[in-house]
$ cat structure-v6.txt   # compact mmCIF, C-alpha atoms
# COMPACT_ATOMS: atom_id res chain seq x y z
CA MET A 1003 -39.08 7.94 -0.82
CA GLY A 1004 -42.45 6.20 -0.67
CA THR A 1005 -45.57 7.63 -2.15
CA PRO A 1006 -48.01 9.34 0.24
CA GLU A 1007 -50.34 6.34 0.05
CA HIS A 1008 -47.54 3.93 0.87
CA SER A 1009 -46.24 6.13 3.66
CA THR A 1010 -49.69 6.46 5.17
CA THR A 1011 -50.70 2.82 5.20
CA GLY A 1012 -47.39 0.98 5.36
CA GLY A 1013 -46.30 -1.48 2.69
CA PRO A 1014 -47.03 -5.20 3.12
CA GLU A 1015 -43.57 -5.97 1.78
CA ALA A 1016 -41.91 -4.23 4.73
CA SER A 1017 -40.23 -6.71 7.07
CA TRP A 1018 -41.09 -6.91 10.74
CA ALA A 1019 -37.55 -5.84 11.57
CA GLY A 1020 -37.93 -2.82 9.29
CA ARG A 1021 -41.20 -1.87 10.93
CA VAL A 1022 -39.67 -2.14 14.39
CA VAL A 1023 -36.84 0.12 13.27
CA GLY A 1024 -39.39 2.50 11.76
CA LEU A 1025 -41.40 2.60 15.00
CA ALA A 1026 -38.21 3.26 16.96
CA GLY A 1027 -37.39 6.16 14.68
CA SER A 1028 -40.95 7.55 14.88
CA CYS A 1029 -41.01 7.87 18.66
CA HIS A 1030 -38.48 10.76 18.68
CA PRO A 1031 -35.89 8.51 20.36
CA GLY A 1032 -33.50 11.30 21.42
CA PRO A 1033 -35.95 13.17 23.66
CA VAL A 1034 -37.52 9.89 24.87
CA VAL A 1035 -34.18 8.52 26.05
CA ALA A 1036 -33.01 11.85 27.47
CA VAL A 1037 -36.16 12.56 29.50
CA THR A 1038 -36.44 8.99 30.77
CA ALA A 1039 -32.78 8.87 31.80
CA LEU A 1040 -33.04 12.26 33.52
CA MET A 1041 -36.12 11.27 35.52
CA ALA A 1042 -34.54 7.94 36.50
CA ALA A 1043 -31.43 9.78 37.71
CA LEU A 1044 -33.57 12.33 39.57
CA ALA A 1045 -35.52 9.50 41.23
CA VAL A 1046 -32.24 7.98 42.44
CA THR A 1047 -30.86 11.27 43.78
CA ALA A 1048 -34.21 12.11 45.38
CA GLY A 1049 -34.11 8.89 47.42
CA GLN A 1050 -36.54 6.52 45.72
CA GLY A 1051 -35.79 2.83 46.22
CA ALA A 1052 -34.67 0.57 43.38
CA ALA A 1053 -38.12 -0.86 42.69
CA ARG A 1054 -39.81 2.55 42.73
CA CYS A 1055 -37.07 4.04 40.50
CA THR A 1056 -37.71 1.28 37.97
CA LEU A 1057 -41.46 1.91 38.10
CA THR A 1058 -40.96 5.66 37.73
CA ALA A 1059 -38.68 5.16 34.72
CA ALA A 1060 -41.16 2.73 33.12
CA ALA A 1061 -44.04 5.19 33.54
CA VAL A 1062 -42.02 8.06 32.10
CA LEU A 1063 -40.78 5.90 29.21
CA THR A 1064 -44.26 4.76 28.17
CA GLY A 1065 -45.60 8.29 28.47
CA GLN A 1066 -42.83 9.74 26.34
CA LEU A 1067 -43.20 6.97 23.75
CA SER A 1068 -46.93 7.66 23.47
CA VAL A 1069 -46.32 11.37 22.95
CA GLY A 1070 -43.60 10.86 20.34
CA TRP A 1071 -45.64 8.37 18.32
CA CYS A 1072 -48.74 10.57 18.54
CA ASN A 1073 -46.71 13.49 17.20
CA ASP A 1074 -45.39 11.61 14.17
CA ALA A 1075 -48.72 9.97 13.36
CA PHE A 1076 -50.70 13.19 13.57
CA ASP A 1077 -48.16 15.15 11.51
CA ALA A 1078 -47.74 12.40 8.91
CA ARG A 1079 -49.81 13.95 6.10
CA ARG A 1080 -48.17 17.34 6.48
CA ASP A 1081 -44.70 15.76 6.63
CA ILE A 1082 -45.44 13.70 3.51
CA ALA A 1083 -46.76 16.77 1.68
CA ALA A 1084 -43.63 18.72 2.67
CA GLY A 1085 -41.37 15.82 1.66
CA ARG A 1086 -39.51 15.76 4.96
CA ARG A 1087 -36.98 13.01 4.44
CA GLY A 1088 -35.64 11.03 7.38
CA LYS A 1089 -39.04 10.41 8.98
CA PRO A 1090 -40.11 6.74 8.86
CA VAL A 1091 -43.72 7.54 7.93
CA VAL A 1092 -42.49 9.70 5.05
CA ASP A 1093 -39.96 7.15 3.86
CA GLY A 1094 -42.56 4.37 3.99
CA THR A 1095 -40.67 2.35 6.61
CA VAL A 1096 -43.76 2.15 8.84
CA GLY A 1097 -47.41 2.98 8.32
CA VAL A 1098 -49.32 5.70 10.11
CA THR A 1099 -51.87 3.21 11.43
CA GLU A 1100 -49.09 1.20 13.05
CA VAL A 1101 -47.69 4.35 14.67
CA TRP A 1102 -51.15 5.25 16.02
CA VAL A 1103 -51.55 1.75 17.46
CA ALA A 1104 -48.15 2.00 19.13
CA ALA A 1105 -49.09 5.41 20.60
CA TYR A 1106 -52.32 4.08 22.13
CA VAL A 1107 -50.67 0.92 23.46
CA ALA A 1108 -47.93 2.99 25.13
CA LEU A 1109 -50.57 5.31 26.59
CA ALA A 1110 -52.58 2.35 27.90
CA LEU A 1111 -49.47 1.01 29.64
CA CYS A 1112 -48.59 4.45 31.02
CA VAL A 1113 -51.83 4.74 33.00
CA PRO A 1114 -51.40 1.78 35.39
CA LEU A 1115 -47.64 2.30 35.65
CA SER A 1116 -48.17 5.93 36.69
CA LEU A 1117 -50.93 5.14 39.19
CA ALA A 1118 -48.81 2.36 40.70
CA CYS A 1119 -46.50 5.15 41.95
CA GLY A 1120 -49.37 6.58 44.01
CA LEU A 1121 -52.69 8.23 43.23
CA TRP A 1122 -51.45 11.82 43.34
CA ALA A 1123 -48.15 11.00 41.63
CA GLY A 1124 -49.96 9.13 38.87
CA ALA A 1125 -52.55 11.87 38.41
CA VAL A 1126 -49.83 14.53 38.07
CA HIS A 1127 -47.83 12.48 35.58
CA LEU A 1128 -50.89 11.63 33.49
CA ALA A 1129 -51.87 15.32 33.47
CA GLY A 1130 -48.46 16.08 31.98
CA VAL A 1131 -48.86 13.34 29.36
CA ALA A 1132 -52.35 14.64 28.53
CA ALA A 1133 -50.92 18.13 28.06
CA ALA A 1134 -48.34 16.75 25.63
CA TRP A 1135 -51.05 14.95 23.64
CA ALA A 1136 -53.05 18.19 23.57
CA TYR A 1137 -49.99 19.89 22.09
CA ASP A 1138 -49.65 17.24 19.39
CA LEU A 1139 -53.33 17.22 18.47
CA ARG A 1140 -54.32 20.88 18.75
CA LEU A 1141 -52.18 23.42 20.59
CA LYS A 1142 -48.99 23.14 18.50
CA ALA A 1143 -50.29 25.64 15.95
CA THR A 1144 -51.76 28.13 18.45
CA ALA A 1145 -50.43 30.96 20.62
CA TRP A 1146 -50.78 28.56 23.60
CA SER A 1147 -48.22 26.10 22.25
CA TRP A 1148 -45.88 26.89 25.17
CA ALA A 1149 -48.40 25.83 27.83
CA PRO A 1150 -48.24 22.02 27.33
CA TYR A 1151 -44.44 22.14 27.53
CA ALA A 1152 -44.61 24.13 30.77
CA VAL A 1153 -47.20 21.75 32.29
CA GLY A 1154 -45.47 18.60 31.05
CA PHE A 1155 -41.99 19.54 32.26
CA ALA A 1156 -43.30 20.79 35.62
CA ALA A 1157 -45.18 17.50 36.09
CA LEU A 1158 -42.07 15.34 35.70
CA PRO A 1159 -40.11 16.38 38.84
CA ALA A 1160 -43.43 16.65 40.71
CA PHE A 1161 -44.12 13.02 39.74
CA VAL A 1162 -40.76 11.98 41.17
CA ALA A 1163 -41.31 13.90 44.41
CA LEU A 1164 -44.83 12.54 44.94
CA GLY A 1165 -43.46 9.03 44.40
CA LEU A 1166 -41.19 9.28 47.46
CA PRO A 1167 -42.14 7.52 50.72
CA GLY A 1168 -45.03 9.41 52.30
CA HIS A 1169 -45.88 11.02 48.94
CA PRO A 1170 -44.70 14.55 49.89
CA TRP A 1171 -45.67 17.52 47.76
CA PRO A 1172 -42.88 18.84 45.53
CA ALA A 1173 -41.03 22.01 46.46
CA TRP A 1174 -42.29 25.11 44.63
CA TRP A 1175 -38.93 25.81 43.10
CA VAL A 1176 -38.57 22.42 41.41
CA VAL A 1177 -42.00 22.78 39.77
CA THR A 1178 -41.24 26.34 38.69
CA ALA A 1179 -37.84 25.38 37.28
CA GLY A 1180 -39.44 22.47 35.42
CA ALA A 1181 -42.00 24.77 33.83
CA LEU A 1182 -39.29 27.24 32.76
CA LEU A 1183 -37.20 24.41 31.32
CA GLY A 1184 -40.27 23.32 29.39
CA VAL A 1185 -40.75 26.75 27.84
CA GLY A 1186 -37.07 26.83 26.89
CA ALA A 1187 -37.32 23.33 25.44
CA HIS A 1188 -40.28 24.43 23.32
CA LEU A 1189 -38.35 27.36 21.87
CA GLY A 1190 -35.28 25.19 21.30
CA ASP A 1191 -37.29 22.40 19.68
CA VAL A 1192 -39.00 24.76 17.25
CA LEU A 1193 -36.11 27.07 16.34
CA PRO A 1194 -34.19 24.77 13.94
CA ASP A 1195 -37.34 24.15 11.84
CA ILE A 1196 -39.13 27.44 12.37
CA ARG A 1197 -38.73 28.73 8.81
CA GLY A 1198 -40.00 25.49 7.31
CA ASP A 1199 -42.92 25.41 9.76
CA LEU A 1200 -43.89 28.94 8.81
CA ALA A 1201 -43.85 27.93 5.15
CA THR A 1202 -46.35 25.13 5.89
CA GLY A 1203 -48.69 27.34 7.91
CA VAL A 1204 -47.76 26.37 11.49
CA ARG A 1205 -48.36 29.36 13.76
CA GLY A 1206 -47.38 28.37 17.28
CA TRP A 1207 -46.09 30.83 19.88
CA PRO A 1208 -42.43 30.78 18.72
CA HIS A 1209 -43.53 31.17 15.10
CA ARG A 1210 -45.47 34.31 16.01
CA LEU A 1211 -42.30 35.73 17.55
CA GLY A 1212 -40.45 35.09 14.30
CA PRO A 1213 -37.01 33.49 13.91
CA ASP A 1214 -35.15 36.45 15.42
CA GLY A 1215 -37.58 36.89 18.29
CA ALA A 1216 -37.48 33.19 19.16
CA ARG A 1217 -33.67 33.19 18.98
CA LEU A 1218 -33.35 36.15 21.34
CA LEU A 1219 -35.89 34.79 23.80
CA LEU A 1220 -34.57 31.21 23.81
CA PRO A 1221 -31.98 31.57 26.63
CA VAL A 1222 -34.26 33.62 28.91
CA PRO A 1223 -36.42 30.86 30.44
CA LEU A 1224 -33.39 28.57 30.72
CA VAL A 1225 -31.35 31.16 32.64
CA ALA A 1226 -34.43 31.89 34.76
CA ALA A 1227 -34.60 28.17 35.55
CA SER A 1228 -30.93 28.31 36.59
CA ALA A 1229 -31.73 31.17 38.96
CA VAL A 1230 -34.69 29.33 40.49
CA LEU A 1231 -32.67 26.14 40.95
CA ALA A 1232 -29.76 28.05 42.50
CA LEU A 1233 -31.71 30.46 44.72
CA GLY A 1234 -35.03 28.68 45.34
CA PRO A 1235 -34.02 26.09 47.97
CA ALA A 1236 -33.68 27.25 51.56
CA GLY A 1237 -30.25 28.42 52.62
CA PRO A 1238 -27.36 29.83 50.60
CA PRO A 1239 -27.00 28.63 47.00
CA GLY A 1240 -23.59 27.11 47.63
CA ARG A 1241 -20.66 27.10 45.27
CA TRP A 1242 -22.35 24.81 42.76
CA GLY A 1243 -25.39 27.05 42.57
CA VAL A 1244 -23.34 30.22 42.14
CA ALA A 1245 -21.10 28.58 39.54
CA ALA A 1246 -24.05 27.20 37.57
CA LEU A 1247 -25.83 30.54 37.56
CA ALA A 1248 -22.68 32.36 36.42
CA VAL A 1249 -21.97 29.84 33.66
CA ALA A 1250 -25.58 29.90 32.46
CA GLY A 1251 -25.61 33.70 32.29
CA LEU A 1252 -22.29 33.95 30.43
CA VAL A 1253 -23.16 31.22 27.92
CA ALA A 1254 -26.58 32.73 27.27
CA VAL A 1255 -25.15 36.19 26.61
CA ALA A 1256 -22.47 34.74 24.31
CA GLY A 1257 -25.07 32.76 22.40
CA THR A 1258 -27.31 35.79 21.96
CA VAL A 1259 -24.43 37.92 20.64
CA LEU A 1260 -23.02 35.26 18.32
CA GLY A 1261 -26.50 34.24 17.20
CA ARG A 1262 -26.97 37.55 15.43
CA HIS A 1263 -24.72 36.22 12.67
CA ARG A 1264 -24.91 32.45 13.25
CA GLU A 1265 -28.35 31.24 14.30
CA ARG A 1266 -27.02 27.84 15.35
CA ALA A 1267 -24.81 29.51 17.95
CA ALA A 1268 -27.86 30.70 19.88
CA PHE A 1269 -29.35 27.22 19.78
CA ALA A 1270 -26.07 25.61 20.90
CA ALA A 1271 -25.78 28.08 23.78
CA ALA A 1272 -29.34 27.29 24.87
CA VAL A 1273 -28.55 23.57 24.86
CA ALA A 1274 -25.48 24.25 27.02
CA VAL A 1275 -27.56 26.25 29.50
CA ALA A 1276 -30.14 23.45 29.60
CA VAL A 1277 -27.36 20.96 30.43
CA VAL A 1278 -26.25 23.20 33.30
CA ASP A 1279 -29.85 23.36 34.55
CA VAL A 1280 -30.24 19.59 34.40
CA ALA A 1281 -26.97 19.08 36.30
CA LEU A 1282 -28.07 21.55 38.97
CA LEU A 1283 -31.47 19.85 39.23
CA LEU A 1284 -29.73 16.54 39.92
CA VAL A 1285 -27.44 18.17 42.50
CA ARG A 1286 -30.53 19.59 44.23
CA GLY A 1287 -32.40 16.28 43.93
CA THR A 1288 -32.36 15.41 47.63
CA GLY A 1289 -34.45 18.47 48.48
CA ILE A 1290 -37.13 18.42 45.78
CA ALA A 1291 -39.86 17.61 48.30

$ encode --input "structure-v6.txt" --output "structure tokens"
Amino acid sequence: MGTPEHSTTGGPEASWAGRVVGLAGSCHPGPVVAVTALMAALAVTAGQGAARCTLTAAAVLTGQLSVGWCNDAFDARRDIAAGRRGKPVVDGTVGVTEVWVAAYVALALCVPLSLACGLWAGAVHLAGVAAAWAYDLRLKATAWSWAPYAVGFAALPAFVALGLPGHPWPAWWVVTAGALLGVGAHLGDVLPDIRGDLATGVRGWPHRLGPDGARLLLPVPLVAASAVLALGPAGPPGRWGVAALAVAGLVAVAGTVLGRHRERAAFAAAVAVAVVDVALLLVRGTGIA
């Protein structure tokens, strides 16, 4: 593992290929790919044309990249001090300055790409990206750490809806479900590392609940999102809505019970409920506006 100085500035001996790999690893590639793919799929199911779908995906991708790089760059000193292996800035694969530059470049690209989807659509998406940056830079360690996730996740389907022909306002239920999914994602993202975060002084909302409190609460916003997605649209929920709600409830209860003895079971159950919610969101895609 590199020394803190080497990890912070980046070594001149590092190859360009190594730095590219380091930057790719610093952007939180899993969430970046997942969120971008989900929004691209939602844009298709919602009825956006091929060109607009591509533009939507590009805007979401650059926004997510900027947020991921900002997160790793800002947390670099704490990660180095904690010796968190597996992070490129800790291992010395890429320097913090390079990660900051990548974050600002991605953000600069995100602005015109977002606004090209329409003034209101762009403003909503950029508000969500700004909320995520606020989380990285300040709110992560406060009792309001849940708020940027709620705003950011609610903004994503709203961005897709406002990017449709005529720029219609998003349905209330898709924004509400997005916000609930965001709160669940926050709890799920923190839970695996919550004990280590507490040891380094991070005191966000889930940390104040404690490991057990966060574990028990984790499925609640996700199941609530299932209910909103199933029951929010006009008309009967249909067989897919009823099935999704039933599966989400059963999996959440099972995860809560099993999680008393195996913490990972609660997290796995929450992931399964989130997958059900995402599938239901895509099924409901044609009516999000």

$ residues_around --input "structure-v6.txt" --residues "segment 1045-1055 of chain A" --least-positions-apart "4" --cutoff "7 Å" --atoms "all atoms listed in the file" --output "number ranges by chain"
A: 1041, 1059, 1162, 1166, 1284, 1287-1288, 1290

$ atom_distance --input "structure-v6.txt" --atom1 "atom CA of Gly1165 of chain A" --atom2 "atom CA of Thr1038 of chain A"
15.3 Å

$ residues_around --input "structure-v6.txt" --residues "Trp1171 of chain A" --least-positions-apart "5" --cutoff "8 Å" --atoms "all atoms listed in the file" --output "MDAnalysis selection string"
chainID A and resid 1160 1163:1164 1291

$ closest_residue --input "structure-v6.txt" --among "A:Thr1095, A:Ser1116, A:Thr1178, A:Thr1144" --to "Arg1021 of chain A" --atoms "all atoms listed in the file"
A:Thr1095

$ atom_distance --input "structure-v6.txt" --atom1 "atom CA of Leu1025 of chain A" --atom2 "atom CA of Ile1082 of chain A"
16.5 Å

$ closest_atom_pairs --input "structure-v6.txt" --of "segment 1114-1218 of chain A" --to "segment 1068-1072 of chain A" --cutoff "7 Å" --atoms "all atoms listed in the file" --output "Markdown table"
| residue | atom | partner | partner_atom | distance |
| --- | --- | --- | --- | --- |
| A:Ala1134 | CA | A:Val1069 | CA | 6.3 |
| A:Trp1135 | CA | A:Val1069 | CA | 6.0 |
| A:Asp1138 | CA | A:Cys1072 | CA | 6.8 |

$ write_last_selection --input "structure-v6.txt" --atoms "C-alpha atoms" --output "PDB file, in the frame of the given file"
ATOM      1  CA  ALA A1134     -48.340  16.750  25.630  1.00  0.00           C
ATOM      2  CA  TRP A1135     -51.050  14.950  23.640  1.00  0.00           C
ATOM      3  CA  ASP A1138     -49.650  17.240  19.390  1.00  0.00           C
TER       4      ASP A1138
END

$ atom_distance --input "structure-v6.txt" --atom1 "atom CA of Trp1102 of chain A" --atom2 "atom CA of Gly1088 of chain A"
18.7 Å

$ decode --input "structure-v6.txt" --residues "segment 1100-1114 of chain A" --atoms "all heavy atoms" --output "mmCIF file, in the first residue's frame"
data_model
loop_
_atom_site.group_PDB
_atom_site.id
_atom_site.type_symbol
_atom_site.label_atom_id
_atom_site.label_comp_id
_atom_site.auth_asym_id
_atom_site.auth_seq_id
_atom_site.Cartn_x
_atom_site.Cartn_y
_atom_site.Cartn_z
ATOM 1 N N GLU A 1100 -5.850 14.141 -9.307
ATOM 2 C CA GLU A 1100 -6.392 13.614 -10.562
ATOM 3 C C GLU A 1100 -7.866 13.248 -10.417
ATOM 4 O O GLU A 1100 -8.667 13.460 -11.333
ATOM 5 C CB GLU A 1100 -5.593 12.390 -11.000
ATOM 6 C CG GLU A 1100 -4.158 12.710 -11.404
ATOM 7 C CD GLU A 1100 -3.305 11.472 -11.540
ATOM 8 O OE1 GLU A 1100 -3.296 10.641 -10.616
ATOM 9 O OE2 GLU A 1100 -2.646 11.332 -12.580
ATOM 10 N N VAL A 1101 -8.246 12.705 -9.265
ATOM 11 C CA VAL A 1101 -9.645 12.346 -9.032
ATOM 12 C C VAL A 1101 -10.501 13.605 -8.953
ATOM 13 O O VAL A 1101 -11.615 13.650 -9.499
ATOM 14 C CB VAL A 1101 -9.791 11.488 -7.759
ATOM 15 C CG1 VAL A 1101 -11.253 11.138 -7.510
ATOM 16 C CG2 VAL A 1101 -8.971 10.207 -7.884
ATOM 17 N N TRP A 1102 -9.992 14.650 -8.287
ATOM 18 C CA TRP A 1102 -10.731 15.917 -8.237
ATOM 19 C C TRP A 1102 -10.932 16.496 -9.635
ATOM 20 O O TRP A 1102 -12.011 16.985 -9.980
ATOM 21 C CB TRP A 1102 -9.998 16.936 -7.358
ATOM 22 C CG TRP A 1102 -10.308 16.895 -5.901
ATOM 23 C CD1 TRP A 1102 -9.424 16.761 -4.874
ATOM 24 C CD2 TRP A 1102 -11.600 17.022 -5.289
ATOM 25 N NE1 TRP A 1102 -10.075 16.778 -3.666
ATOM 26 C CE2 TRP A 1102 -11.406 16.949 -3.882
ATOM 27 C CE3 TRP A 1102 -12.894 17.185 -5.785
ATOM 28 C CZ2 TRP A 1102 -12.469 17.028 -2.978
ATOM 29 C CZ3 TRP A 1102 -13.959 17.264 -4.880
ATOM 30 C CH2 TRP A 1102 -13.740 17.183 -3.502
ATOM 31 N N VAL A 1103 -9.874 16.468 -10.444
ATOM 32 C CA VAL A 1103 -9.982 16.988 -11.812
ATOM 33 C C VAL A 1103 -11.041 16.218 -12.594
ATOM 34 O O VAL A 1103 -11.875 16.805 -13.296
ATOM 35 C CB VAL A 1103 -8.617 16.914 -12.525
ATOM 36 C CG1 VAL A 1103 -8.774 17.208 -14.021
ATOM 37 C CG2 VAL A 1103 -7.630 17.893 -11.899
ATOM 38 N N ALA A 1104 -11.024 14.897 -12.455
ATOM 39 C CA ALA A 1104 -12.015 14.069 -13.152
ATOM 40 C C ALA A 1104 -13.429 14.415 -12.688
ATOM 41 O O ALA A 1104 -14.361 14.483 -13.501
ATOM 42 C CB ALA A 1104 -11.729 12.588 -12.903
ATOM 43 N N ALA A 1105 -13.598 14.656 -11.378
ATOM 44 C CA ALA A 1105 -14.921 14.996 -10.844
ATOM 45 C C ALA A 1105 -15.435 16.297 -11.441
ATOM 46 O O ALA A 1105 -16.600 16.396 -11.857
ATOM 47 C CB ALA A 1105 -14.856 15.101 -9.316
ATOM 48 N N TYR A 1106 -14.568 17.313 -11.527
ATOM 49 C CA TYR A 1106 -15.003 18.609 -12.056
ATOM 50 C C TYR A 1106 -15.234 18.553 -13.563
ATOM 51 O O TYR A 1106 -16.141 19.224 -14.081
ATOM 52 C CB TYR A 1106 -13.985 19.689 -11.696
ATOM 53 C CG TYR A 1106 -14.070 20.126 -10.248
ATOM 54 C CD1 TYR A 1106 -13.019 19.922 -9.363
ATOM 55 C CD2 TYR A 1106 -15.227 20.750 -9.775
ATOM 56 C CE1 TYR A 1106 -13.110 20.322 -8.036
ATOM 57 C CE2 TYR A 1106 -15.333 21.160 -8.451
ATOM 58 C CZ TYR A 1106 -14.275 20.943 -7.582
ATOM 59 O OH TYR A 1106 -14.373 21.329 -6.266
ATOM 60 N N VAL A 1107 -14.437 17.787 -14.281
ATOM 61 C CA VAL A 1107 -14.652 17.637 -15.721
ATOM 62 C C VAL A 1107 -15.997 16.964 -15.986
ATOM 63 O O VAL A 1107 -16.779 17.391 -16.845
ATOM 64 C CB VAL A 1107 -13.506 16.832 -16.366
ATOM 65 C CG1 VAL A 1107 -13.861 16.440 -17.802
ATOM 66 C CG2 VAL A 1107 -12.212 17.641 -16.353
ATOM 67 N N ALA A 1108 -16.283 15.878 -15.230
ATOM 68 C CA ALA A 1108 -17.564 15.184 -15.397
ATOM 69 C C ALA A 1108 -18.727 16.115 -15.063
ATOM 70 O O ALA A 1108 -19.753 16.123 -15.758
ATOM 71 C CB ALA A 1108 -17.605 13.941 -14.513
ATOM 72 N N LEU A 1109 -18.567 16.919 -14.010
ATOM 73 C CA LEU A 1109 -19.624 17.858 -13.637
ATOM 74 C C LEU A 1109 -19.827 18.913 -14.727
ATOM 75 O O LEU A 1109 -20.973 19.267 -15.048
ATOM 76 C CB LEU A 1109 -19.270 18.534 -12.310
ATOM 77 C CG LEU A 1109 -20.321 19.495 -11.741
ATOM 78 C CD1 LEU A 1109 -21.623 18.760 -11.432
ATOM 79 C CD2 LEU A 1109 -19.783 20.179 -10.481
ATOM 80 N N ALA A 1110 -18.724 19.402 -15.297
ATOM 81 C CA ALA A 1110 -18.823 20.393 -16.362
ATOM 82 C C ALA A 1110 -19.535 19.830 -17.589
ATOM 83 O O ALA A 1110 -20.277 20.549 -18.274
ATOM 84 C CB ALA A 1110 -17.426 20.886 -16.740
ATOM 85 N N LEU A 1111 -19.320 18.564 -17.888
ATOM 86 C CA LEU A 1111 -20.013 17.929 -19.005
ATOM 87 C C LEU A 1111 -21.483 17.679 -18.683
ATOM 88 O O LEU A 1111 -22.349 17.747 -19.563
ATOM 89 C CB LEU A 1111 -19.336 16.600 -19.349
ATOM 90 C CG LEU A 1111 -17.940 16.685 -19.972
ATOM 91 C CD1 LEU A 1111 -17.337 15.290 -20.069
ATOM 92 C CD2 LEU A 1111 -18.003 17.333 -21.343
ATOM 93 N N CYS A 1112 -21.768 17.393 -17.417
ATOM 94 C CA CYS A 1112 -23.137 17.073 -17.001
ATOM 95 C C CYS A 1112 -24.083 18.254 -17.207
ATOM 96 O O CYS A 1112 -25.253 18.067 -17.547
ATOM 97 C CB CYS A 1112 -23.139 16.640 -15.536
ATOM 98 S SG CYS A 1112 -24.762 16.214 -14.881
ATOM 99 N N VAL A 1113 -23.581 19.471 -17.014
ATOM 100 C CA VAL A 1113 -24.449 20.652 -17.086
ATOM 101 C C VAL A 1113 -25.065 20.825 -18.479
ATOM 102 O O VAL A 1113 -26.304 20.869 -18.613
ATOM 103 C CB VAL A 1113 -23.682 21.920 -16.649
ATOM 104 C CG1 VAL A 1113 -24.546 23.163 -16.881
ATOM 105 C CG2 VAL A 1113 -23.292 21.823 -15.177
ATOM 106 N N PRO A 1114 -24.279 20.911 -19.537
ATOM 107 C CA PRO A 1114 -24.908 21.083 -20.863
ATOM 108 C C PRO A 1114 -25.699 19.858 -21.312
ATOM 109 O O PRO A 1114 -26.723 20.002 -21.993
ATOM 110 C CB PRO A 1114 -23.719 21.347 -21.790
ATOM 111 C CG PRO A 1114 -22.538 20.772 -21.096
ATOM 112 C CD PRO A 1114 -22.806 20.962 -19.641
#
